[in-house]
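The block underneath contains the structure these notes are about, expressed in C-alpha cells.
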Amino acid sequence: ASGCGGSGGRGRDAAFARVAEVIQEAMRHAVFVRGEDGLGRWNPHPDSGLRLPLHAVAQRAAGLLADPRRLTVRACPGKGCGWLFLDTAGRRRWCSLGVCGRREGG
C-alpha cells in the first residue's frame, strides 16, 4: 500500500498536473551548465529574479518525480510522527522500529 491517502487517482492526477505546470515554467527559464564535477545539470537562469527559488525547487521536484524510487516513499503511521522514508523492500512500516515501532507496540 502506498503512503498517500486521498480520494484516489483523480486527486493525484490533478496535483501532478499542477506541479508539472510549475516545472515546465521553470524549465523554460533553465540553463544547462557544467558543474565542478564535470557533469552537466539544469540550473535556474540567474535572471529569474524573485522566482529563482521557486524554479530551483521545481527543478528538484522534477528529478524526484522522474525517479522510480519515489514509488517507495512511505509515511510513518506513528502517532504524531509523519516522517517519510524509503521502503525499497516493501516490508517496512515505521520510520524507526526503535522509536515509533516500539511506541506503537509493533
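Naming scheme: A, B, ... for chains in displayed order of the C-alpha cells; residues 1 onward per chain; ligands 1 onward as shown.
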
Contacts of region 67-74 of chain A at 6 Å (only C-alpha atoms; same-chain gap of 5+ positions) as a list of chain:residue names: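 Result of the neighbour search: A:Gly3, A:Leu84, A:Phe85, A:Leu86, A:Asp87, A:Thr88.
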
Just C-alpha atoms for this one: save the residues we selected as a CSV table (one decimal), in the first residue's frame.
```
chain,number,residue,atom,x,y,z
A,3,GLY,CA,1.8,6.1,1.9
A,84,LEU,CA,8.8,10.0,5.3
A,85,PHE,CA,11.1,7.1,4.5
A,86,LEU,CA,12.1,4.8,1.6
A,87,ASP,CA,10.7,1.3,1.8
A,88,THR,CA,12.6,-0.3,-1.1
```

Val33 (chain A) environment, 12 Å, only C-alpha atoms, sequence neighbours closer than 2 positions dropped, as a list in words: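 Skipping anything fewer than 2 positions along the chain leaves Ala30, Val31, Gly35, Glu36, Asp37, Gly38, Leu39, Gly40, Arg41, Trp42, Asn43, Pro44, His45 and Pro46 of chain A.
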
Selection near Trp83 (chain A), 10 Å with only C-alpha atoms, sequence-local residues under 3 positions removed, as a PyMOL selection string: chain A and resi 74-78+80+94-96

Contact check, region 42-64 of chain A to region 9-27 of chain A, at most 7 Å, counting only C-alpha atoms, closest pairs as a Markdown table:
```
| residue | atom | partner | partner_atom | distance |
| --- | --- | --- | --- | --- |
| A:His55 | CA | A:Ala26 | CA | 4.7 |
| A:Ala58 | CA | A:Ile23 | CA | 4.9 |
| A:Gln59 | CA | A:Ile23 | CA | 6.2 |
| A:Ala62 | CA | A:Ile23 | CA | 6.5 |
```

Strand (DSSP E or B) call set, DSSP backbone run, region 39-83 of chain A, as a list in words: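 Here are the strand (DSSP E or B) residues of region 39-83 of chain A: Gly40, Arg41, Trp42, Asn43, Pro44, Val73, Arg74 and Ala75 of chain A.
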
All helix (DSSP H, G or I) positions in region 2-89 of chain A, as a PyMOL selection string: chain A and resi 9-28+46-66+68-72
